[in-house]
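These notes are about the structure you will find just below.
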Amino acid sequence: MKDYHRLDEIQQDLKQNRITCTDLVAYYLNNIEQGKSLNAFVEVYAEEARDRAKEIDQKLSTDTAGPLAGLIFGIKDLICYQGHQVNGSSKILQGFESQFSATAVERLLAMDAIVIGRQNCDEFGMGSSNENSAHGHVNNPLDETRVPGGSSGGSAAAVAANMCLVSLGTDTGGSVRQPAAFCGITGLKPTYSRISRWGLLAYASSFDTIGIFSKSVEDNAIVLQAIAGRDGKDATCSSRSVADFRTVQPEERYKVAYFKGLLDHQGIQPEIRDHYQQLINELKAAGHELVECEFPYEDYILPTYYILTTAEASTNLSRYDGVHYGYRSPQTEDLESMYKLSRTEGFGDEVRRRILLGTFVLSADYYDAYFTQAQKVRNLIKKATENILKDCDFIITPTTPTTAFEQNSHNSPLEMYMADLFTVQASIAGIPAISLPYGKDTNQMPIGMQIMSGAFEEEKLFAFSKILESKTR
Ligand code: GLN
């Protein structure tokens, strides 16, 4: 079977009886089997996917199939699917089974998409390389000595290696966009609150979003449209109506902001700077208006993110106590040692580091100095970003300061946190951002470019993305 990169190609071939859903599922299962060394999937729903495929083939033959028939997707190990395990790639949730499905999963299934398996990630979404997983590392399909990015590394690797057409990941500070850039595919973090967080294991609730990996902008839009919008189970989920993203046509001329400082920023891989310059030139040549901007809070973005997200994580993760879910230490002697040992043994190093940091910034003596201060800076960053977007349609930046790095090469947490340098701004501001593949470095590793737009402007973001996509094909 040929390698499909878009749902419309699949649906056309289904319609003309050139393939069946059963063939498609067999094809993806075979790719998963062949690509086992990537460690992208932690569980494959082979039997279930085959059964669903048969059912949907039946429906297709009577013209009663749903609009997403032929869409085979995977889910990050932080997203619940009823009756199946979800571990957050953590030992502490070992053996834990979801009691219900995430709204996003339910909506895709209701439209006759097929879920093929659960994908590896950094523990509770904390990481940028997928090296913090109780299920082991994930390898980048383009060069297995390199990381796929994180935290949704398995979800990105799976789409890049044709193990499913799309994946649902999560993005708190870049966990969809950064691995999409590292694996050479498209990754969207929508506006905060666009997609229900029901059934998503919480990391930092005021930042967490479900995000989408695909090979085309079109498929990304189709999936967003299917899963976005009001959900009675998540009071923070926006009730704004969701436009038909598929019919979106780009305008001739956009006003696009770029950060001049990034063009000679020493922390950025030179080939990425060159591609950024090339993108700016190309857009100018195509008739768009490019506006040079400064961002006054650049140095405050990462510290703000790491103070606020660790604070939220420390409270969110307090529920994993050895009593309610998953792992309980066998060494337990009394109640206190049960809590202490279960949490110490159940969480990995990075998660423990963040719980400690988060507990510290929330402690009575330091609350004002760190947490309150960071909330204020968050507001400044948000306002300054919104101000640029009042005047301009988009802001473009590289997605990451480097391309995919070697496994085990980033040993200090700070070095790892730098991987999020460009992605966290949109997370702090709550605005949508997409990463698109845009060329390669000299090692043939993909480079990603990020586009941010105003809140709830995904329609416009997709329209502009289509222009860039046509340039990089
Ligand atoms: N790498 C970032 C972190 O470790 C982002 C993670 C995410 O978006 N889930 O926090």
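Residue numbers start at 1 in each chain; chains themselves are named A, B, ... in the order of the structure tokens; ligands are numbered from 1 in the order shown.
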For this session: From range 15-250 of chain A, collect each residue whose DSSP state is alpha helix (DSSP H) and return the set as a ChimeraX atom specification.
Result: /A:15,21-34,46-61,103-110,153-160,177-183,217-227
Residues within 6 Å of range 346-360 of chain A, please, as a compact mmCIF listing (two decimals) with N, CA, C and O atoms, in the first residue's frame. Count only C-alpha atoms; anything in the same chain fewer than 4 positions from it doesn't count.
# COMPACT_ATOMS: atom_id res chain seq x y z
N LYS A 91 5.83 5.39 36.51
CA LYS A 91 5.69 4.17 37.29
C LYS A 91 4.54 4.31 38.29
O LYS A 91 3.90 3.34 38.66
N ILE A 92 4.27 5.55 38.71
CA ILE A 92 3.25 5.74 39.75
C ILE A 92 1.85 5.37 39.25
O ILE A 92 0.95 5.09 40.05
N THR A 310 5.59 24.52 37.58
CA THR A 310 5.98 23.61 38.66
C THR A 310 5.02 23.79 39.84
O THR A 310 4.68 22.82 40.51
N ALA A 311 4.59 25.02 40.07
CA ALA A 311 3.63 25.26 41.16
C ALA A 311 2.34 24.46 40.88
O ALA A 311 1.83 23.75 41.75
N SER A 314 2.90 20.73 41.23
CA SER A 314 3.04 20.21 42.60
C SER A 314 1.66 19.96 43.22
O SER A 314 1.48 19.00 43.97
N SER A 342 5.98 5.59 48.31
CA SER A 342 5.25 5.40 47.04
C SER A 342 5.59 6.54 46.08
O SER A 342 5.84 6.33 44.90
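Between CA of Ser155 in chain A and CA of Phe41 in chain A the separation is 8.0 Å.
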Problem set entry | Distance filter 7 Å around ligand 1, atoms: only C-alpha atoms and all ligand atoms, out as a PyMOL selection string | chain A and resi 125-128+150-151+170-176+417+420
For this session: Please provide as an MDAnalysis selection string all residues within 9 Å of Gln225 in chain A, with the sequence filter that same-chain residues fewer than 3 positions apart are discarded (counting only C-alpha atoms).
Result: chainID A and resid 220:222 228:229 242:246
Those same residues - N, CA, C and O atoms - I'd like them written as a PDB file, in the first residue's frame.
ATOM      1  N   ASN A 220      -4.815  18.566  10.133  1.00  0.00           N
ATOM      2  CA  ASN A 220      -4.780  19.186  11.446  1.00  0.00           C
ATOM      3  C   ASN A 220      -6.076  19.960  11.680  1.00  0.00           C
ATOM      4  O   ASN A 220      -6.711  19.869  12.742  1.00  0.00           O
ATOM      5  N   ALA A 221      -6.491  20.681  10.650  1.00  0.00           N
ATOM      6  CA  ALA A 221      -7.712  21.476  10.745  1.00  0.00           C
ATOM      7  C   ALA A 221      -8.940  20.583  10.903  1.00  0.00           C
ATOM      8  O   ALA A 221      -9.841  20.869  11.699  1.00  0.00           O
ATOM      9  N   ILE A 222      -8.945  19.487  10.156  1.00  0.00           N
ATOM     10  CA  ILE A 222     -10.097  18.568  10.223  1.00  0.00           C
ATOM     11  C   ILE A 222     -10.237  18.004  11.643  1.00  0.00           C
ATOM     12  O   ILE A 222     -11.331  17.952  12.209  1.00  0.00           O
ATOM     13  N   ALA A 228     -12.827  20.263  18.872  1.00  0.00           N
ATOM     14  CA  ALA A 228     -12.899  21.531  19.610  1.00  0.00           C
ATOM     15  C   ALA A 228     -14.335  21.858  20.001  1.00  0.00           C
ATOM     16  O   ALA A 228     -15.279  21.278  19.483  1.00  0.00           O
ATOM     17  N   GLY A 229     -14.465  22.806  20.920  1.00  0.00           N
ATOM     18  CA  GLY A 229     -15.790  23.344  21.236  1.00  0.00           C
ATOM     19  C   GLY A 229     -16.361  22.866  22.550  1.00  0.00           C
ATOM     20  O   GLY A 229     -15.861  21.931  23.171  1.00  0.00           O
ATOM     21  N   VAL A 242     -17.044  26.837  16.414  1.00  0.00           N
ATOM     22  CA  VAL A 242     -15.861  26.384  15.699  1.00  0.00           C
ATOM     23  C   VAL A 242     -16.150  26.465  14.204  1.00  0.00           C
ATOM     24  O   VAL A 242     -17.087  25.864  13.713  1.00  0.00           O
ATOM     25  N   ALA A 243     -15.329  27.235  13.507  1.00  0.00           N
ATOM     26  CA  ALA A 243     -15.587  27.457  12.080  1.00  0.00           C
ATOM     27  C   ALA A 243     -15.208  26.223  11.268  1.00  0.00           C
ATOM     28  O   ALA A 243     -14.518  25.342  11.748  1.00  0.00           O
ATOM     29  N   ASP A 244     -15.673  26.167  10.038  1.00  0.00           N
ATOM     30  CA  ASP A 244     -15.253  25.094   9.160  1.00  0.00           C
ATOM     31  C   ASP A 244     -13.883  25.457   8.592  1.00  0.00           C
ATOM     32  O   ASP A 244     -13.754  26.197   7.635  1.00  0.00           O
ATOM     33  N   PHE A 245     -12.866  24.909   9.238  1.00  0.00           N
ATOM     34  CA  PHE A 245     -11.501  25.277   8.870  1.00  0.00           C
ATOM     35  C   PHE A 245     -11.144  24.824   7.450  1.00  0.00           C
ATOM     36  O   PHE A 245     -10.234  25.346   6.847  1.00  0.00           O
ATOM     37  N   ARG A 246     -11.867  23.830   6.957  1.00  0.00           N
ATOM     38  CA  ARG A 246     -11.477  23.258   5.666  1.00  0.00           C
ATOM     39  C   ARG A 246     -11.692  24.206   4.491  1.00  0.00           C
ATOM     40  O   ARG A 246     -11.034  24.118   3.478  1.00  0.00           O
TER      41      ARG A 246
END
Problem set entry | Long-range neighbours of Gln407 in chain A as a list of chain:residue names, 7 Å cut-off, only C-alpha atoms, 5 positions minimum in chain | A:Thr145, A:Arg146, A:Val147
Taking only residues of range 165-231 of chain A that have an atom at most 6 Å from an atom of range 446-456 of chain A, what is each one's shortest atom pair and its distance in Å to one decimal, using only C-alpha atoms, in chain and number order, as JSON lines?
{"residue": "A:Ala181", "atom": "CA", "partner": "A:Gly448", "partner_atom": "CA", "distance": 4.3}
{"residue": "A:Gly184", "atom": "CA", "partner": "A:Pro446", "partner_atom": "CA", "distance": 5.0}
{"residue": "A:Thr191", "atom": "CA", "partner": "A:Ala455", "partner_atom": "CA", "distance": 5.6}
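Minimum atom-to-atom distances from A:Ala429, A:Val361, A:Ala46, A:Ala69 to Asp13 in chain A were compared using only C-alpha atoms, and the lowest value belongs to A:Ala69.
For Gln269 in chain A, the non-local neighbours within 10 Å, defined as residues at least 4 positions apart in the same chain or in other chains and counting only C-alpha atoms, are His265, Arg273, Asp274, Thr400, Pro401, Thr402, Thr403 and Asp441 of chain A.
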Could the residues in this selection be written to a file with N, CA, C and O atoms, as a PDB file, in the first residue's frame?
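again_16.pdb, written as the output of this step:
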ATOM      1  N   HIS A 265      21.018  35.728  17.254  1.00  0.00           N
ATOM      2  CA  HIS A 265      21.027  35.162  18.602  1.00  0.00           C
ATOM      3  C   HIS A 265      22.035  34.002  18.648  1.00  0.00           C
ATOM      4  O   HIS A 265      21.922  33.051  17.873  1.00  0.00           O
ATOM      5  N   ARG A 273      18.876  29.895  12.076  1.00  0.00           N
ATOM      6  CA  ARG A 273      18.837  31.357  11.841  1.00  0.00           C
ATOM      7  C   ARG A 273      18.748  31.642  10.342  1.00  0.00           C
ATOM      8  O   ARG A 273      17.978  32.489   9.904  1.00  0.00           O
ATOM      9  N   ASP A 274      19.541  30.916   9.554  1.00  0.00           N
ATOM     10  CA  ASP A 274      19.523  31.130   8.099  1.00  0.00           C
ATOM     11  C   ASP A 274      18.143  30.835   7.514  1.00  0.00           C
ATOM     12  O   ASP A 274      17.648  31.562   6.661  1.00  0.00           O
ATOM     13  N   THR A 400      12.273  25.869  17.440  1.00  0.00           N
ATOM     14  CA  THR A 400      13.261  25.428  18.433  1.00  0.00           C
ATOM     15  C   THR A 400      14.609  26.080  18.145  1.00  0.00           C
ATOM     16  O   THR A 400      14.906  26.404  16.997  1.00  0.00           O
ATOM     17  N   PRO A 401      15.452  26.232  19.161  1.00  0.00           N
ATOM     18  CA  PRO A 401      16.789  26.802  18.911  1.00  0.00           C
ATOM     19  C   PRO A 401      17.751  25.834  18.225  1.00  0.00           C
ATOM     20  O   PRO A 401      18.728  26.268  17.636  1.00  0.00           O
ATOM     21  N   THR A 402      17.475  24.516  18.316  1.00  0.00           N
ATOM     22  CA  THR A 402      18.336  23.537  17.628  1.00  0.00           C
ATOM     23  C   THR A 402      17.438  22.507  16.966  1.00  0.00           C
ATOM     24  O   THR A 402      16.260  22.408  17.288  1.00  0.00           O
ATOM     25  N   THR A 403      18.020  21.714  16.081  1.00  0.00           N
ATOM     26  CA  THR A 403      17.277  20.565  15.554  1.00  0.00           C
ATOM     27  C   THR A 403      17.443  19.408  16.545  1.00  0.00           C
ATOM     28  O   THR A 403      18.105  19.570  17.580  1.00  0.00           O
ATOM     29  N   ASP A 441      18.694  20.765   8.271  1.00  0.00           N
ATOM     30  CA  ASP A 441      20.068  21.219   8.537  1.00  0.00           C
ATOM     31  C   ASP A 441      21.055  20.327   7.773  1.00  0.00           C
ATOM     32  O   ASP A 441      20.640  19.457   6.997  1.00  0.00           O
TER      33      ASP A 441
END
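Checking A:Glu144, A:Tyr45, A:Ile116, A:Phe462 one by one against Leu188 in chain A, counting only C-alpha atoms, you find the shortest gap at A:Phe462.
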Exercise. Which of range 149-297 of chain A counts as strand (DSSP E or B) under DSSP, as a ChimeraX atom specification please?
Worked result: /A:166-171,186-189,195,200,209-214,228,255-259,289-293
Exercise. Skipping near chain neighbours, those fewer than 5 positions away, what residues fall within 8 Å of Asp234 in chain A using only C-alpha atoms, listed as a ChimeraX atom specification?
Worked result: /A:196-198
Could those residues be written to a file, using all heavy atoms, as a compact mmCIF listing (two decimals), in the first residue's frame?
# COMPACT_ATOMS: atom_id res chain seq x y z
N SER A 196 -11.57 20.55 25.01
CA SER A 196 -11.84 20.11 26.38
C SER A 196 -10.65 19.37 26.96
O SER A 196 -10.02 18.56 26.28
CB SER A 196 -13.06 19.19 26.35
OG SER A 196 -13.19 18.52 27.58
N ARG A 197 -10.38 19.62 28.23
CA ARG A 197 -9.31 18.89 28.92
C ARG A 197 -9.86 17.69 29.70
O ARG A 197 -9.13 17.06 30.45
CB ARG A 197 -8.54 19.83 29.85
CG ARG A 197 -7.62 20.78 29.12
CD ARG A 197 -6.83 21.68 30.04
NE ARG A 197 -7.69 22.61 30.75
CZ ARG A 197 -7.83 22.65 32.08
NH1 ARG A 197 -7.17 21.82 32.84
NH2 ARG A 197 -8.64 23.52 32.63
N TRP A 198 -11.12 17.41 29.51
CA TRP A 198 -11.71 16.25 30.18
C TRP A 198 -10.99 14.98 29.71
O TRP A 198 -10.89 14.73 28.51
CB TRP A 198 -13.21 16.16 29.84
CG TRP A 198 -13.88 14.96 30.45
CD1 TRP A 198 -14.24 13.81 29.80
CD2 TRP A 198 -14.29 14.80 31.82
NE1 TRP A 198 -14.84 12.95 30.68
CE2 TRP A 198 -14.88 13.52 31.92
CE3 TRP A 198 -14.21 15.61 32.95
CZ2 TRP A 198 -15.40 13.03 33.12
CZ3 TRP A 198 -14.72 15.13 34.14
CH2 TRP A 198 -15.31 13.85 34.22
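With only C-alpha atoms taken into account, the protein and nucleic acid residues at most 8 Å from range 382-385 of chain A (excluding it and anything under 5 positions from it in its own chain) are A:Phe295, A:Ile428, A:Ala429, A:Gly430.
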Please dump the current selection as a PDB file, in the first residue's frame; keep N, CA and C atoms.
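Done, and the output landed in part.pdb:
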ATOM      1  N   PHE A 295      10.991  42.038  21.625  1.00  0.00           N
ATOM      2  CA  PHE A 295      10.138  41.564  22.705  1.00  0.00           C
ATOM      3  C   PHE A 295      10.832  41.836  24.028  1.00  0.00           C
ATOM      4  N   ILE A 428       2.225  30.766  27.576  1.00  0.00           N
ATOM      5  CA  ILE A 428       1.982  31.760  28.627  1.00  0.00           C
ATOM      6  C   ILE A 428       0.833  32.683  28.212  1.00  0.00           C
ATOM      7  N   ALA A 429       0.803  33.027  26.928  1.00  0.00           N
ATOM      8  CA  ALA A 429      -0.226  33.952  26.438  1.00  0.00           C
ATOM      9  C   ALA A 429      -1.544  33.247  26.127  1.00  0.00           C
ATOM     10  N   GLY A 430      -1.541  31.924  26.079  1.00  0.00           N
ATOM     11  CA  GLY A 430      -2.773  31.167  25.802  1.00  0.00           C
ATOM     12  C   GLY A 430      -3.215  31.212  24.346  1.00  0.00           C
TER      13      GLY A 430
END
